[in-house]
$ cat run-v3.txt   # compact mmCIF, C-alpha atoms
# COMPACT_ATOMS: atom_id res chain seq x y z
CA SER A 1 16.30 6.99 12.70
CA ALA A 2 12.88 6.64 14.28
CA VAL A 3 10.41 4.29 12.62
CA ILE A 4 6.79 5.40 12.87
CA SER A 5 3.73 3.26 12.30
CA GLN A 6 0.11 4.32 12.06
CA LYS A 7 -3.18 2.50 12.41
CA PRO A 8 -5.38 2.29 10.47
CA SER A 9 -3.65 2.81 7.16
CA ARG A 10 -6.96 3.80 5.61
CA ASP A 11 -10.62 3.96 6.49
CA ILE A 12 -13.98 4.92 5.07
CA CYS A 13 -16.31 6.57 7.56
CA GLN A 14 -19.83 7.93 7.59
CA ARG A 15 -20.42 11.60 8.26
CA GLY A 16 -21.10 12.42 11.88
CA THR A 17 -18.93 9.62 13.22
CA SER A 18 -15.36 9.84 14.56
CA LEU A 19 -12.10 8.15 13.70
CA THR A 20 -9.17 7.64 16.05
CA ILE A 21 -5.74 7.24 14.51
CA GLN A 22 -2.92 5.63 16.46
CA CYS A 23 0.74 6.51 16.07
CA GLN A 24 3.53 4.33 17.46
CA VAL A 25 7.23 5.23 17.41
CA ASP A 26 9.90 2.55 17.86
CA SER A 27 11.96 4.73 20.20
CA GLN A 28 11.32 7.36 22.82
CA VAL A 29 10.93 10.78 21.27
CA THR A 30 10.40 14.18 22.81
CA MET A 31 8.36 15.78 20.07
CA MET A 32 5.35 14.35 18.24
CA PHE A 33 3.26 16.17 15.69
CA TRP A 34 0.13 15.61 13.62
CA TYR A 35 -0.29 16.86 10.06
CA ARG A 36 -3.13 16.85 7.55
CA GLN A 37 -2.70 16.59 3.80
CA GLN A 38 -5.81 17.39 1.83
CA PRO A 39 -6.14 15.96 -1.70
CA GLY A 40 -3.55 17.45 -4.01
CA GLN A 41 -2.20 19.75 -1.32
CA SER A 42 0.89 20.04 0.85
CA LEU A 43 1.09 19.10 4.51
CA THR A 44 -0.52 21.34 7.13
CA LEU A 45 0.44 21.11 10.79
CA ILE A 46 -2.53 20.35 13.04
CA ALA A 47 -0.88 20.28 16.44
CA THR A 48 2.05 19.33 18.60
CA ALA A 49 1.24 16.41 20.89
CA ASN A 50 2.64 17.10 24.35
CA GLN A 51 3.22 14.31 26.81
CA GLY A 52 1.22 14.76 29.97
CA SER A 53 -0.43 18.00 28.91
CA GLU A 54 -2.84 19.37 26.36
CA ALA A 55 -1.74 19.47 22.74
CA THR A 56 -0.70 22.76 21.18
CA TYR A 57 -2.98 23.50 18.21
CA GLU A 58 -2.21 25.56 15.14
CA SER A 59 -4.50 28.31 13.96
CA GLY A 60 -7.64 26.86 12.46
CA PHE A 61 -7.56 23.62 14.41
CA VAL A 62 -9.41 23.12 17.71
CA ILE A 63 -9.37 20.49 20.39
CA ASP A 64 -13.06 19.67 20.09
CA LYS A 65 -12.61 18.65 16.47
CA PHE A 66 -9.14 17.09 16.75
CA PRO A 67 -8.61 15.75 20.28
CA ILE A 68 -5.10 14.40 20.77
CA SER A 69 -3.65 12.18 23.44
CA ARG A 70 -0.02 11.45 24.24
CA PRO A 71 0.23 9.13 27.23
CA ASN A 72 3.95 8.37 26.88
CA LEU A 73 7.07 9.07 24.83
CA THR A 74 6.31 6.58 22.05
CA PHE A 75 2.57 6.78 21.43
CA SER A 76 -0.07 9.31 20.40
CA THR A 77 -3.60 9.31 19.07
CA LEU A 78 -5.48 11.80 16.93
CA THR A 79 -9.26 11.69 16.80
CA VAL A 80 -11.12 13.42 14.01
CA SER A 81 -14.60 14.09 15.39
CA ASN A 82 -18.00 14.72 13.83
CA LEU A 83 -16.72 13.78 10.41
CA SER A 84 -17.77 15.57 7.26
CA PRO A 85 -16.65 14.98 3.66
CA GLU A 86 -14.28 17.96 4.03
CA ASP A 87 -12.28 15.88 6.52
CA SER A 88 -11.31 13.45 3.77
CA SER A 89 -7.53 13.71 3.85
CA ILE A 90 -4.35 11.92 4.71
CA TYR A 91 -3.38 12.33 8.36
CA LEU A 92 0.31 11.97 9.18
CA CYS A 93 2.09 11.44 12.45
CA SER A 94 5.60 12.82 12.86
CA ALA A 95 8.26 12.68 15.54
CA ARG A 96 11.62 14.13 16.49
CA GLU A 97 13.96 13.40 19.36
CA GLY A 98 14.48 16.28 21.72
CA GLY A 99 17.23 18.48 20.35
CA GLY A 100 17.41 16.25 17.31
CA GLU A 101 17.78 17.73 13.88
CA THR A 102 15.69 15.30 11.88
CA GLN A 103 11.91 14.94 11.91
CA TYR A 104 10.48 11.61 10.77
CA PHE A 105 7.06 10.78 9.36
CA GLY A 106 4.71 7.88 9.48
CA PRO A 107 3.11 6.42 6.34
CA GLY A 108 -0.13 8.29 6.88
CA THR A 109 -3.77 7.34 7.39
CA ARG A 110 -6.00 7.88 4.38
CA LEU A 111 -9.52 8.89 5.45
CA LEU A 112 -12.53 9.05 3.18
CA VAL A 113 -15.77 10.42 4.60
CA LEU A 114 -18.98 9.63 2.80
CA ASP B 115 3.78 30.78 5.97
CA ALA B 116 6.51 28.79 4.26
CA LYS B 117 9.75 30.74 3.95
CA THR B 118 10.92 29.10 0.74
CA THR B 119 10.14 29.41 -2.96
CA GLN B 120 10.46 26.45 -5.33
CA PRO B 121 9.45 25.83 -8.94
CA THR B 122 6.13 24.05 -9.20
CA SER B 123 7.43 21.24 -11.38
CA MET B 124 10.51 19.93 -13.17
CA ASP B 125 11.36 17.09 -15.52
CA CYS B 126 14.59 15.13 -15.59
CA ALA B 127 15.80 12.38 -17.90
CA GLU B 128 16.57 9.09 -16.24
CA GLY B 129 20.28 8.74 -15.46
CA ARG B 130 20.91 12.46 -15.55
CA ALA B 131 21.47 14.72 -12.58
CA ALA B 132 18.39 16.40 -11.17
CA ASN B 133 19.06 19.88 -9.82
CA LEU B 134 16.24 21.26 -7.70
CA PRO B 135 16.52 24.93 -6.72
CA CYS B 136 15.14 26.63 -3.64
CA ASN B 137 15.05 30.28 -2.71
CA HIS B 138 15.11 31.19 0.99
CA SER B 139 16.14 34.82 0.88
CA THR B 140 14.80 35.61 4.37
CA ILE B 141 16.63 32.77 6.12
CA SER B 142 18.02 33.58 9.55
CA GLY B 143 21.50 32.77 10.78
CA ASN B 144 20.19 30.03 13.07
CA GLU B 145 18.06 28.22 10.49
CA TYR B 146 18.89 24.99 8.73
CA VAL B 147 17.83 24.14 5.19
CA TYR B 148 16.05 20.77 5.05
CA TRP B 149 15.00 18.72 2.06
CA TYR B 150 12.29 16.08 2.16
CA ARG B 151 10.51 14.20 -0.57
CA GLN B 152 7.12 12.57 -0.75
CA ILE B 153 6.59 9.72 -3.13
CA HIS B 154 2.97 9.17 -4.07
CA SER B 155 0.88 7.69 -1.25
CA GLN B 156 3.76 7.68 1.23
CA GLY B 157 4.82 9.86 4.15
CA PRO B 158 7.56 12.45 3.63
CA GLN B 159 11.08 11.05 3.58
CA TYR B 160 14.07 12.95 4.95
CA ILE B 161 16.81 13.52 2.37
CA ILE B 162 19.41 15.90 3.72
CA HIS B 163 19.92 19.13 5.64
CA GLY B 164 22.62 21.77 6.08
CA LEU B 165 23.41 25.04 7.75
CA LYS B 166 26.02 26.76 5.60
CA ASN B 167 28.40 24.15 4.26
CA ASN B 168 27.66 21.88 1.34
CA GLU B 169 26.51 18.44 2.41
CA THR B 170 26.48 15.05 0.73
CA ASN B 171 25.02 11.71 1.73
CA GLU B 172 24.07 8.50 -0.02
CA MET B 173 20.91 10.05 -1.42
CA ALA B 174 21.87 13.52 -2.56
CA SER B 175 24.07 16.60 -2.33
CA LEU B 176 23.02 19.95 -0.95
CA ILE B 177 24.69 23.08 -2.25
CA ILE B 178 24.03 26.24 -0.23
CA THR B 179 25.13 29.61 -1.60
CA GLU B 180 27.59 31.63 0.40
CA ASP B 181 24.95 34.21 1.34
CA ARG B 182 22.62 31.29 2.27
CA LYS B 183 19.74 32.85 0.35
CA SER B 184 19.34 29.89 -1.96
CA SER B 185 20.25 26.24 -2.25
CA THR B 186 20.17 23.39 -4.74
CA LEU B 187 19.42 19.75 -4.09
CA ILE B 188 21.26 17.48 -6.49
CA LEU B 189 20.25 13.90 -7.23
CA PRO B 190 23.33 12.77 -9.16
CA HIS B 191 21.77 9.98 -11.23
CA ALA B 192 18.00 10.25 -11.20
CA THR B 193 15.93 7.09 -11.53
CA LEU B 194 12.23 6.57 -12.09
CA ARG B 195 11.89 5.90 -8.36
CA ASP B 196 12.99 9.48 -7.66
CA THR B 197 9.73 10.79 -9.11
CA ALA B 198 8.19 12.64 -6.15
CA VAL B 199 7.35 16.01 -4.65
CA TYR B 200 10.47 17.60 -3.14
CA TYR B 201 10.12 20.04 -0.27
CA CYS B 202 12.70 22.62 0.77
CA ILE B 203 12.12 23.79 4.34
CA VAL B 204 13.94 26.13 6.71
CA ARG B 205 13.88 25.46 10.42
CA PRO B 206 15.74 26.80 13.45
CA THR B 207 18.71 24.85 14.75
CA ARG B 208 18.38 22.61 17.78
CA GLY B 209 19.28 25.35 20.16
CA SER B 210 16.33 27.44 19.09
CA GLY B 211 13.47 25.33 20.31
CA ASN B 212 11.45 22.46 19.01
CA THR B 213 9.80 24.12 16.04
CA PRO B 214 8.05 21.63 13.76
CA LEU B 215 8.60 21.57 10.03
CA VAL B 216 6.34 23.84 7.99
CA PHE B 217 5.80 22.64 4.44
CA GLY B 218 5.39 24.76 1.33
CA LYS B 219 4.08 23.51 -1.99
CA GLY B 220 7.30 21.83 -3.09
CA THR B 221 8.54 20.87 -6.56
CA ARG B 222 7.01 17.95 -8.40
CA LEU B 223 9.92 16.15 -10.06
CA SER B 224 9.11 13.79 -12.89
CA VAL B 225 11.91 11.48 -13.99
CA ILE B 226 11.37 10.42 -17.57
CA ALA B 227 12.70 7.25 -19.15

$ encode --input "run-v3.txt" --output "structure tokens"
Amino acid sequence: SAVISQKPSRDICQRGTSLTIQCQVDSQVTMMFWYRQQPGQSLTLIATANQGSEATYESGFVIDKFPISRPNLTFSTLTVSNLSPEDSSIYLCSAREGGGETQYFGPGTRLLVL
Amino acid sequence: DAKTTQPTSMDCAEGRAANLPCNHSTISGNEYVYWYRQIHSQGPQYIIHGLKNNETNEMASLIITEDRKSSTLILPHATLRDTAVYYCIVRPTRGSGNTPLVFGKGTRLSVIA
């Protein structure tokens, strides 16, 4: 199974600033995803991080607000830009090997915006 | 939209079997049933998945009805550490693309001493 780590594990940010979250997988994976979990809610898919091309965003999420990079098969970053208190959430990285049946999750990054 | 329906919450006595139901009446022939759980302040953890046969691993058993419209996750001897939100998710099989998991609201299982 893939082991996923995220940095930072938590952060407190001021409104108007940005936070970049790093996701590292211990093996090469084809698919990487980013999710958001708002307080008391379930997980919502933000986007699929595509290697070498622009991420594929879900409805309600845009690249200007959530730019994503995926330079190789083991690493991705999610930036949450122009932070507001409504962005206070847990952000989770997820990965699955191409054709694989199981999707794995990182421990999440807990963001609080003041 | 999530394609599954689960009870909002359930209680289970420690040491007893926890049976978590899931309705997926619109499931397609090429979709797996997946179960994940999320313990407080952690990322979701994979438990088990199946297509049409019952499955068992070291964590749980998955019973899928013959018509595949519902399933039950069974934790045979629940412990306090099994207290978590359990998510039932349907997703196409590997030959149907790389569709990510879509989460519903899940069932909050409380294991009581």

$ closest_residue --input "run-v3.txt" --among "A:Arg110, A:Lys7, A:Gln14, A:Tyr35" --to "A:Cys93" --atoms "only C-alpha atoms"
A:Tyr35

$ closest_residue --input "run-v3.txt" --among "B:Gln159, B:Asn167, B:Thr118, B:Asn144" --to "B:Cys202" --atoms "all atoms listed in the file"
B:Thr118

$ closest_residue --input "run-v3.txt" --among "B:Leu215, B:Ala227, B:Met173, B:Leu194" --to "chain A" --atoms "all atoms listed in the file"
B:Leu215

$ residues_around --input "run-v3.txt" --residues "A:Gln28" --least-positions-apart "2" --cutoff "12 Å" --atoms "all atoms listed in the file" --output "mmCIF file with C-alpha atoms, keeping the file's coordinate frame"
data_model
loop_
_atom_site.group_PDB
_atom_site.id
_atom_site.type_symbol
_atom_site.label_atom_id
_atom_site.label_comp_id
_atom_site.auth_asym_id
_atom_site.auth_seq_id
_atom_site.Cartn_x
_atom_site.Cartn_y
_atom_site.Cartn_z
ATOM 1 C CA SER A 1 16.300 6.990 12.700
ATOM 2 C CA ALA A 2 12.880 6.640 14.280
ATOM 3 C CA VAL A 3 10.410 4.290 12.620
ATOM 4 C CA ILE A 4 6.790 5.400 12.870
ATOM 5 C CA GLN A 24 3.530 4.330 17.460
ATOM 6 C CA VAL A 25 7.230 5.230 17.410
ATOM 7 C CA ASP A 26 9.900 2.550 17.860
ATOM 8 C CA THR A 30 10.400 14.180 22.810
ATOM 9 C CA MET A 31 8.360 15.780 20.070
ATOM 10 C CA MET A 32 5.350 14.350 18.240
ATOM 11 C CA GLN A 51 3.220 14.310 26.810
ATOM 12 C CA ASN A 72 3.950 8.370 26.880
ATOM 13 C CA LEU A 73 7.070 9.070 24.830
ATOM 14 C CA THR A 74 6.310 6.580 22.050
ATOM 15 C CA PHE A 75 2.570 6.780 21.430
ATOM 16 C CA SER A 76 -0.070 9.310 20.400
ATOM 17 C CA ALA A 95 8.260 12.680 15.540
ATOM 18 C CA ARG A 96 11.620 14.130 16.490
ATOM 19 C CA GLU A 97 13.960 13.400 19.360
ATOM 20 C CA GLY A 98 14.480 16.280 21.720
#

$ interface_residues --input "run-v3.txt" --of "chain B" --to "chain A" --cutoff "10 Å" --atoms "all atoms listed in the file" --output "number ranges by chain"
B: 146, 148, 150, 152, 155-163, 199, 201, 205-220

$ closest_residue --input "run-v3.txt" --among "B:Thr179, B:Ile203, B:Ser184, B:Arg195" --to "B:Val225" --atoms "all atoms listed in the file"
B:Arg195

$ atom_distance --input "run-v3.txt" --atom1 "atom CA of A:Gln6" --atom2 "atom CA of A:Ser81"
18.0 Å

$ residues_around --input "run-v3.txt" --residues "B:Ile141" --least-positions-apart "6" --cutoff "8 Å" --atoms "only C-alpha atoms" --output "ChimeraX atom specification"
/B:117,182-183,204

$ atom_distance --input "run-v3.txt" --atom1 "atom CA of B:Arg222" --atom2 "atom CA of A:Leu78"
28.9 Å

$ residues_near_point --input "run-v3.txt" --point "(-6.9, 17.2, 20.4)" --cutoff "8 Å" --atoms "all atoms listed in the file" --output "list in words"
Ala47, Glu54, Ala55, Tyr57, Val62, Ile63, Asp64, Lys65, Phe66, Pro67, Ile68, Ser69, Leu78 and Thr79 of chain A

$ atom_distance --input "run-v3.txt" --atom1 "atom CA of B:Ala174" --atom2 "atom CA of B:Asn137"
18.1 Å

$ residues_near_point --input "run-v3.txt" --point "(17.9, 16.2, -3.9)" --cutoff "9 Å" --atoms "only C-alpha atoms" --output "list in words"
Ala132, Asn133, Leu134, Trp149, Tyr150, Arg151, Ile161, Ile162, Met173, Ala174, Ser175, Leu176, Thr186, Leu187, Ile188, Leu189, Pro190 and Tyr200 of chain B

$ residues_around --input "run-v3.txt" --residues "B:Asp125" --least-positions-apart "3" --cutoff "8 Å" --atoms "only C-alpha atoms" --output "VMD selection string"
chain B and resid 223 to 226

$ axis_aligned_box --input "run-v3.txt" --around "stretch 29-37 of chain A" --padding-each-side "6 Å" --output "JSON"
{"center_x": 3.9, "center_y": 13.8, "center_z": 13.3, "size_x": 26.1, "size_y": 18.1, "size_z": 31.0}

$ residues_around --input "run-v3.txt" --residues "B:Cys136" --least-positions-apart "2" --cutoff "6 Å" --atoms "all atoms listed in the file" --output "list in words"
Thr119, Gln120, Ser184 and Ser185 of chain B

$ closest_residue --input "run-v3.txt" --among "A:Thr77, A:Thr17, A:Ser88, A:Asn82" --to "A:Ala49" --atoms "all atoms listed in the file"
A:Thr77
